[in-house]
$ cat work.cif   # mmCIF, C-alpha atoms
data_query
#
loop_
_atom_site.label_atom_id
_atom_site.label_comp_id
_atom_site.auth_asym_id
_atom_site.auth_seq_id
_atom_site.Cartn_x
_atom_site.Cartn_y
_atom_site.Cartn_z
CA MET A 182 50.50 -2.33 67.99
CA SER A 183 54.08 -2.07 66.84
CA THR A 184 56.36 -5.08 67.18
CA ARG A 185 59.53 -3.09 66.49
CA THR A 186 62.56 -3.51 68.70
CA ALA A 187 66.02 -2.02 68.58
CA ILE A 188 68.36 -3.50 65.98
CA VAL A 189 72.09 -3.46 66.60
CA ARG A 190 74.38 -5.27 64.17
CA ALA A 191 78.14 -5.12 63.82
CA GLU A 192 80.11 -5.29 60.60
CA GLY A 193 79.57 -8.68 58.95
CA GLU A 194 76.38 -9.40 60.90
CA GLY A 195 72.97 -9.99 59.31
CA ASP A 196 71.51 -12.56 56.91
CA ALA A 197 73.62 -12.83 53.76
CA ILE A 198 72.67 -13.85 50.23
CA TRP A 199 74.43 -13.91 46.90
CA PHE A 200 72.25 -11.97 44.45
CA ASN A 201 73.18 -11.10 40.85
CA SER A 202 76.95 -11.39 41.48
CA ASP A 203 76.64 -9.39 44.74
CA LEU A 204 76.87 -10.11 48.43
CA PHE A 205 73.78 -8.69 50.15
CA THR A 206 73.92 -8.43 53.95
CA PHE A 207 70.57 -7.56 55.49
CA LYS A 208 71.18 -5.11 58.33
CA ALA A 209 67.49 -4.47 59.12
CA THR A 210 64.66 -6.55 57.68
CA ALA A 211 61.06 -5.61 56.99
CA GLU A 212 59.97 -7.97 59.75
CA GLU A 213 62.29 -6.32 62.27
CA THR A 214 61.17 -2.78 61.37
CA ASP A 215 57.43 -3.49 61.42
CA HIS A 216 57.48 -3.24 57.60
CA THR A 217 58.73 0.36 57.53
CA LEU A 218 62.03 -0.37 55.76
CA THR A 219 64.58 -2.91 54.63
CA LEU A 220 68.25 -1.95 54.89
CA PHE A 221 71.09 -3.94 53.35
CA GLU A 222 74.71 -3.63 52.33
CA GLU A 223 75.42 -4.54 48.74
CA LEU A 224 79.01 -5.52 47.97
CA SER A 225 79.33 -5.56 44.18
CA GLN A 226 81.98 -6.15 41.54
CA ARG A 227 82.81 -4.34 38.30
CA GLY A 228 80.31 -5.00 35.54
CA LYS A 229 77.38 -5.94 37.77
CA VAL A 230 74.22 -4.53 36.17
CA THR A 231 70.51 -4.54 36.85
CA PRO A 232 67.84 -4.63 34.18
CA LEU A 233 65.85 -1.47 33.53
CA HIS A 234 63.05 -1.80 36.07
CA LEU A 235 60.77 -0.04 38.50
CA HIS A 236 59.16 -0.75 41.85
CA PRO A 237 55.44 0.09 41.81
CA ASN A 238 55.09 0.31 45.59
CA ALA A 239 58.57 0.83 47.02
CA ASP A 240 61.11 3.64 47.12
CA GLU A 241 64.80 2.68 46.81
CA THR A 242 67.75 4.76 47.98
CA PHE A 243 71.40 3.95 47.31
CA TYR A 244 74.23 5.44 49.38
CA VAL A 245 77.72 4.69 48.05
CA ILE A 246 80.08 3.84 50.90
CA ASN A 247 83.02 2.91 48.64
CA GLY A 248 83.55 2.61 44.91
CA GLU A 249 81.50 3.97 42.05
CA ILE A 250 78.22 3.14 40.36
CA ARG A 251 76.47 4.45 37.27
CA VAL A 252 72.73 4.99 37.71
CA HIS A 253 70.17 5.34 34.96
CA VAL A 254 67.07 7.07 36.35
CA ASP A 255 64.13 7.89 34.12
CA GLY A 256 66.36 8.20 31.02
CA ASP A 257 69.17 10.21 32.67
CA GLU A 258 72.57 8.69 33.59
CA GLN A 259 74.94 9.83 36.30
CA THR A 260 78.00 8.44 38.04
CA ILE A 261 77.83 8.30 41.81
CA GLY A 262 80.99 7.88 43.88
CA ARG A 263 81.88 7.57 47.55
CA GLY A 264 79.50 9.58 49.72
CA GLY A 265 77.00 10.02 46.87
CA VAL A 266 73.35 9.09 46.96
CA ALA A 267 70.61 8.26 44.48
CA SER A 268 67.01 8.07 45.69
CA VAL A 269 64.47 6.58 43.30
CA PRO A 270 60.76 7.04 44.07
CA ARG A 271 58.28 4.24 43.41
CA GLY A 272 57.19 3.99 39.80
CA VAL A 273 60.37 5.53 38.33
CA ALA A 274 62.37 3.45 35.84
CA HIS A 275 65.98 2.86 36.86
CA ALA A 276 69.02 0.61 36.53
CA MET A 277 72.47 0.43 38.09
CA MET A 278 75.94 -0.64 36.95
CA VAL A 279 79.14 -0.97 38.99
CA THR A 280 82.02 0.87 37.29
CA SER A 281 84.76 0.52 39.92
CA GLU A 282 86.61 -2.70 40.75
CA THR A 283 84.21 -3.17 43.69
CA ALA A 284 81.53 -1.02 45.28
CA LEU A 285 79.90 -1.09 48.70
CA VAL A 286 76.43 0.42 48.64
CA LEU A 287 73.95 0.81 51.47
CA THR A 288 70.45 0.29 50.07
CA ILE A 289 67.30 1.45 51.87
CA VAL A 290 63.88 0.29 50.71
CA THR A 291 60.70 1.90 52.05
CA GLY A 292 57.05 1.44 51.16
CA GLU A 293 56.24 -2.20 50.38
CA CYS A 294 59.68 -3.28 51.51
CA LYS A 295 58.65 -6.80 52.56
CA GLU A 296 57.68 -7.80 49.01
CA LEU A 297 60.94 -6.50 47.55
CA GLU A 298 62.93 -8.24 50.28
CA MET A 299 61.10 -11.51 49.48
CA PHE A 300 61.99 -11.04 45.79
CA PHE A 301 65.71 -10.57 46.62
CA ARG A 302 65.70 -13.64 48.86
CA GLU A 303 63.96 -15.81 46.23
CA VAL A 304 66.33 -14.86 43.40
CA GLY A 305 69.37 -14.92 45.69
CA GLU A 306 71.15 -17.82 47.30
CA PRO A 307 71.73 -17.92 51.09
CA THR A 308 75.41 -17.91 52.02
CA THR A 309 77.52 -17.99 55.14
CA GLN A 310 80.52 -16.67 53.20
CA ARG A 311 81.07 -12.92 53.47
CA THR A 312 82.79 -12.70 50.09
CA LEU A 313 81.74 -11.83 46.58
CA PRO A 314 80.30 -14.79 44.68
CA PRO A 315 81.67 -15.80 41.29
CA SER A 316 80.58 -13.28 38.66
CA VAL A 317 77.70 -14.62 36.57
CA PRO A 318 75.65 -13.18 33.71
CA LEU A 319 72.54 -11.24 34.71
CA PRO A 320 69.89 -13.93 35.52
CA LEU A 321 67.18 -12.01 33.65
CA GLU A 322 64.68 -14.86 33.26
CA ARG A 323 64.98 -15.82 36.94
CA ILE A 324 64.48 -12.16 37.86
CA ARG A 325 61.42 -11.85 35.57
CA SER A 326 59.88 -15.00 37.02
CA ALA A 327 60.33 -13.93 40.67
CA ALA A 328 59.18 -10.39 39.83
CA ALA A 329 55.93 -11.75 38.41
CA ARG A 330 55.29 -13.74 41.60
CA HIS A 331 55.99 -10.91 44.05
CA GLY A 332 54.74 -7.85 42.15
CA SER A 333 57.53 -5.78 43.69
CA VAL A 334 59.57 -5.36 40.51
CA VAL A 335 58.45 -4.60 36.97
CA VAL A 336 61.22 -5.49 34.51
CA LEU A 337 61.07 -3.03 31.61
CA GLY A 338 64.01 -4.34 29.60
CA PRO A 339 67.68 -5.22 29.58
CA PRO A 340 70.30 -2.97 31.18
CA PRO A 341 70.33 0.38 29.32
CA PHE A 342 74.11 0.83 29.55
CA THR A 343 76.33 0.61 26.48
CA ALA A 344 79.87 -0.75 26.33
CA THR A 345 81.03 2.82 25.71
CA THR A 346 79.27 4.03 28.85
CA ALA A 347 80.86 1.27 30.90
CA SER A 348 84.37 1.89 29.62
CA HIS A 349 84.19 5.68 30.11
CA SER A 350 82.76 5.50 33.63
CA VAL A 351 85.84 4.03 35.26
#
$ encode --input "work.cif" --output "structure tokens"
Amino acid sequence: MSTRTAIVRAEGEGDAIWFNSDLFTFKATAEETDHTLTLFEELSQRGKVTPLHLHPNADETFYVINGEIRVHVDGDEQTIGRGGVASVPRGVAHAMMVTSETALVLTIVTGECKELEMFFREVGEPTTQRTLPPSVPLPLERIRSAAARHGSVVVLGPPPFTATTASHSV
């Protein structure tokens, strides 16, 4: 029997964490959606990167509300701006880098969304502030450690972006 109920959240509402120099605001959690999806806003700052990774059992879709990101998907790189989308199926290697001053991205996770949400919450830090955290270097070892525990992320290597790519994407 489904335990789903309607979810209505205004701007600024939802659990918030600081994750990898971002502000994540969970708009719909796996628990609330009967494990069908996790939906969160990701407010990011220039230079934020993710390692090259994949999700064995979850699909991840990024919709750019404002700003610009560079996505690396299965060896191909593209810049996605306002109104653009990148949808990455489970098992496909990908990474992301913010190339604008800030970016606001709506991220939708389906499949084993609960495990990925638990990973984000473990690596992140709960916050009541709705602002960007101080920019910090990519916490790769912390990410690897949490990924091993949750099985929701397979880290394949460091970010695949070069300094040239970053400087020409702006």
$ atom_distance --input "work.cif" --atom1 "atom CA of A:Gly248" --atom2 "atom CA of A:Leu287"
11.8 Å
$ atom_distance --input "work.cif" --atom1 "atom CA of A:Leu218" --atom2 "atom CA of A:Ser281"
27.7 Å
$ residues_around --input "work.cif" --residues "A:Gln310" --least-positions-apart "6" --cutoff "9 Å" --atoms "all atoms listed in the file" --output "PDB file with C-alpha atoms, in the coordinates of the input"
ATOM      1  CA  ALA A 197      73.620 -12.830  53.760  1.00  0.00           C
ATOM      2  CA  ILE A 198      72.670 -13.850  50.230  1.00  0.00           C
ATOM      3  CA  LEU A 204      76.870 -10.110  48.430  1.00  0.00           C
TER       4      LEU A 204
END
$ closest_residue --input "work.cif" --among "A:Leu297, A:Ala328, A:Val230, A:Ile289" --to "A:Thr343" --atoms "only C-alpha atoms"
A:Val230
$ atom_distance --input "work.cif" --atom1 "atom CA of A:Gly272" --atom2 "atom CA of A:Glu293"
12.3 Å
$ closest_residue --input "work.cif" --among "A:Thr291, A:Thr217, A:Ser202, A:Thr186" --to "A:Asn238" --atoms "all atoms listed in the file"
A:Thr291
$ closest_residue --input "work.cif" --among "A:Arg263, A:Arg311, A:Arg271, A:Arg251" --to "A:Trp199" --atoms "all atoms listed in the file"
A:Arg311
$ resolve_selection --input "work.cif" --expression "the PyMOL selection byres ((chain A and resi 273) around 8)" --output "PyMOL selection string"
chain A and resi 235-236+254-255+269-272+274-275
$ write_last_selection --input "work.cif" --atoms "C-alpha atoms" --output "PDB file, keeping the file's coordinate frame"
ATOM      1  CA  LEU A 235      60.770  -0.040  38.500  1.00  0.00           C
ATOM      2  CA  HIS A 236      59.160  -0.750  41.850  1.00  0.00           C
ATOM      3  CA  VAL A 254      67.070   7.070  36.350  1.00  0.00           C
ATOM      4  CA  ASP A 255      64.130   7.890  34.120  1.00  0.00           C
ATOM      5  CA  VAL A 269      64.470   6.580  43.300  1.00  0.00           C
ATOM      6  CA  PRO A 270      60.760   7.040  44.070  1.00  0.00           C
ATOM      7  CA  ARG A 271      58.280   4.240  43.410  1.00  0.00           C
ATOM      8  CA  GLY A 272      57.190   3.990  39.800  1.00  0.00           C
ATOM      9  CA  ALA A 274      62.370   3.450  35.840  1.00  0.00           C
ATOM     10  CA  HIS A 275      65.980   2.860  36.860  1.00  0.00           C
TER      11      HIS A 275
END
$ closest_residue --input "work.cif" --among "A:Thr206, A:Asn201, A:Ser225, A:Thr231" --to "A:Val336" --atoms "all atoms listed in the file"
A:Thr231
$ resolve_selection --input "work.cif" --expression "the PyMOL selection byres ((chain A and resi 244) around 7)" --output "number ranges by chain"
A: 242-243, 245-246, 264-267, 286-288
$ closest_residue --input "work.cif" --among "A:Glu303, A:Phe342, A:Phe221, A:Glu192" --to "A:Arg330" --atoms "all atoms listed in the file"
A:Glu303
$ closest_residue --input "work.cif" --among "A:Ala329, A:Cys294, A:Met299, A:Leu224" --to "A:Val279" --atoms "only C-alpha atoms"
A:Leu224
$ resolve_selection --input "work.cif" --expression "the PyMOL selection byres ((chain A and resi 307) around 9)" --output "list in words"
Asp196, Ala197, Ile198, Trp199, Phe200, Arg302, Gly305, Glu306, Thr308 and Thr309 of chain A
$ residues_near_point --input "work.cif" --point "(60.3, -7.4, 44.1)" --cutoff "6 Å" --atoms "all atoms listed in the file" --output "list of chain:residue names"
A:Glu296, A:Leu297, A:Phe300, A:Ala328, A:His331, A:Gly332, A:Ser333, A:Val334
$ residues_around --input "work.cif" --residues "A:Ala276" --least-positions-apart "4" --cutoff "8 Å" --atoms "all atoms listed in the file" --output "number ranges by chain"
A: 230-234, 252-254, 340-341
$ build_atoms --input "work.cif" --residues "stretch 251-271 of chain A" --atoms "N, CA, C and O atoms" --output "tab-separated table (two decimals), in the coordinates of the input"
chain	number	residue	atom	x	y	z
A	251	ARG	N	77.14	3.62	38.28
A	251	ARG	CA	76.47	4.45	37.27
A	251	ARG	C	74.99	4.15	37.42
A	251	ARG	O	74.59	2.98	37.45
A	252	VAL	N	74.17	5.19	37.58
A	252	VAL	CA	72.73	4.99	37.71
A	252	VAL	C	72.03	5.59	36.50
A	252	VAL	O	72.42	6.64	35.99
A	253	HIS	N	71.03	4.90	36.05
A	253	HIS	CA	70.17	5.34	34.96
A	253	HIS	C	68.80	5.53	35.62
A	253	HIS	O	68.21	4.57	36.11
A	254	VAL	N	68.35	6.77	35.69
A	254	VAL	CA	67.07	7.07	36.35
A	254	VAL	C	66.20	7.86	35.39
A	254	VAL	O	66.54	8.97	35.00
A	255	ASP	N	65.11	7.24	34.98
A	255	ASP	CA	64.13	7.89	34.12
A	255	ASP	C	64.78	8.51	32.87
A	255	ASP	O	64.49	9.63	32.49
A	256	GLY	N	65.73	7.76	32.26
A	256	GLY	CA	66.36	8.20	31.02
A	256	GLY	C	67.64	9.00	31.19
A	256	GLY	O	68.34	9.26	30.22
A	257	ASP	N	67.98	9.41	32.41
A	257	ASP	CA	69.17	10.21	32.67
A	257	ASP	C	70.22	9.33	33.36
A	257	ASP	O	69.88	8.55	34.24
A	258	GLU	N	71.49	9.46	32.96
A	258	GLU	CA	72.57	8.69	33.59
A	258	GLU	C	73.54	9.59	34.32
A	258	GLU	O	73.90	10.65	33.83
A	259	GLN	N	73.95	9.12	35.52
A	259	GLN	CA	74.94	9.83	36.30
A	259	GLN	C	75.83	8.84	37.02
A	259	GLN	O	75.39	7.74	37.37
A	260	THR	N	77.07	9.24	37.26
A	260	THR	CA	78.00	8.44	38.04
A	260	THR	C	77.98	8.93	39.47
A	260	THR	O	78.04	10.13	39.73
A	261	ILE	N	77.89	7.97	40.40
A	261	ILE	CA	77.83	8.30	41.81
A	261	ILE	C	79.02	7.63	42.49
A	261	ILE	O	79.18	6.41	42.39
A	262	GLY	N	79.84	8.42	43.18
A	262	GLY	CA	80.99	7.88	43.88
A	262	GLY	C	80.80	7.91	45.38
A	262	GLY	O	79.71	8.19	45.89
A	263	ARG	N	81.90	7.64	46.09
A	263	ARG	CA	81.88	7.57	47.55
A	263	ARG	C	81.19	8.79	48.16
A	263	ARG	O	81.49	9.93	47.80
A	264	GLY	N	80.24	8.51	49.05
A	264	GLY	CA	79.50	9.58	49.72
A	264	GLY	C	78.32	10.09	48.94
A	264	GLY	O	77.54	10.90	49.43
A	265	GLY	N	78.12	9.59	47.70
A	265	GLY	CA	77.00	10.02	46.87
A	265	GLY	C	75.75	9.19	47.14
A	265	GLY	O	75.81	8.09	47.69
A	266	VAL	N	74.63	9.75	46.72
A	266	VAL	CA	73.35	9.09	46.96
A	266	VAL	C	72.47	9.22	45.73
A	266	VAL	O	72.56	10.19	44.99
A	267	ALA	N	71.65	8.21	45.50
A	267	ALA	CA	70.61	8.26	44.48
A	267	ALA	C	69.35	7.72	45.14
A	267	ALA	O	69.36	6.63	45.71
A	268	SER	N	68.28	8.49	45.10
A	268	SER	CA	67.01	8.07	45.69
A	268	SER	C	65.97	8.01	44.58
A	268	SER	O	65.73	9.00	43.89
A	269	VAL	N	65.39	6.82	44.41
A	269	VAL	CA	64.47	6.58	43.30
A	269	VAL	C	63.07	6.33	43.86
A	269	VAL	O	62.84	5.32	44.53
A	270	PRO	N	62.12	7.24	43.58
A	270	PRO	CA	60.76	7.04	44.07
A	270	PRO	C	60.06	5.88	43.36
A	270	PRO	O	60.43	5.51	42.24
A	271	ARG	N	59.08	5.33	44.01
A	271	ARG	CA	58.28	4.24	43.41
A	271	ARG	C	57.75	4.68	42.05
A	271	ARG	O	57.45	5.85	41.83
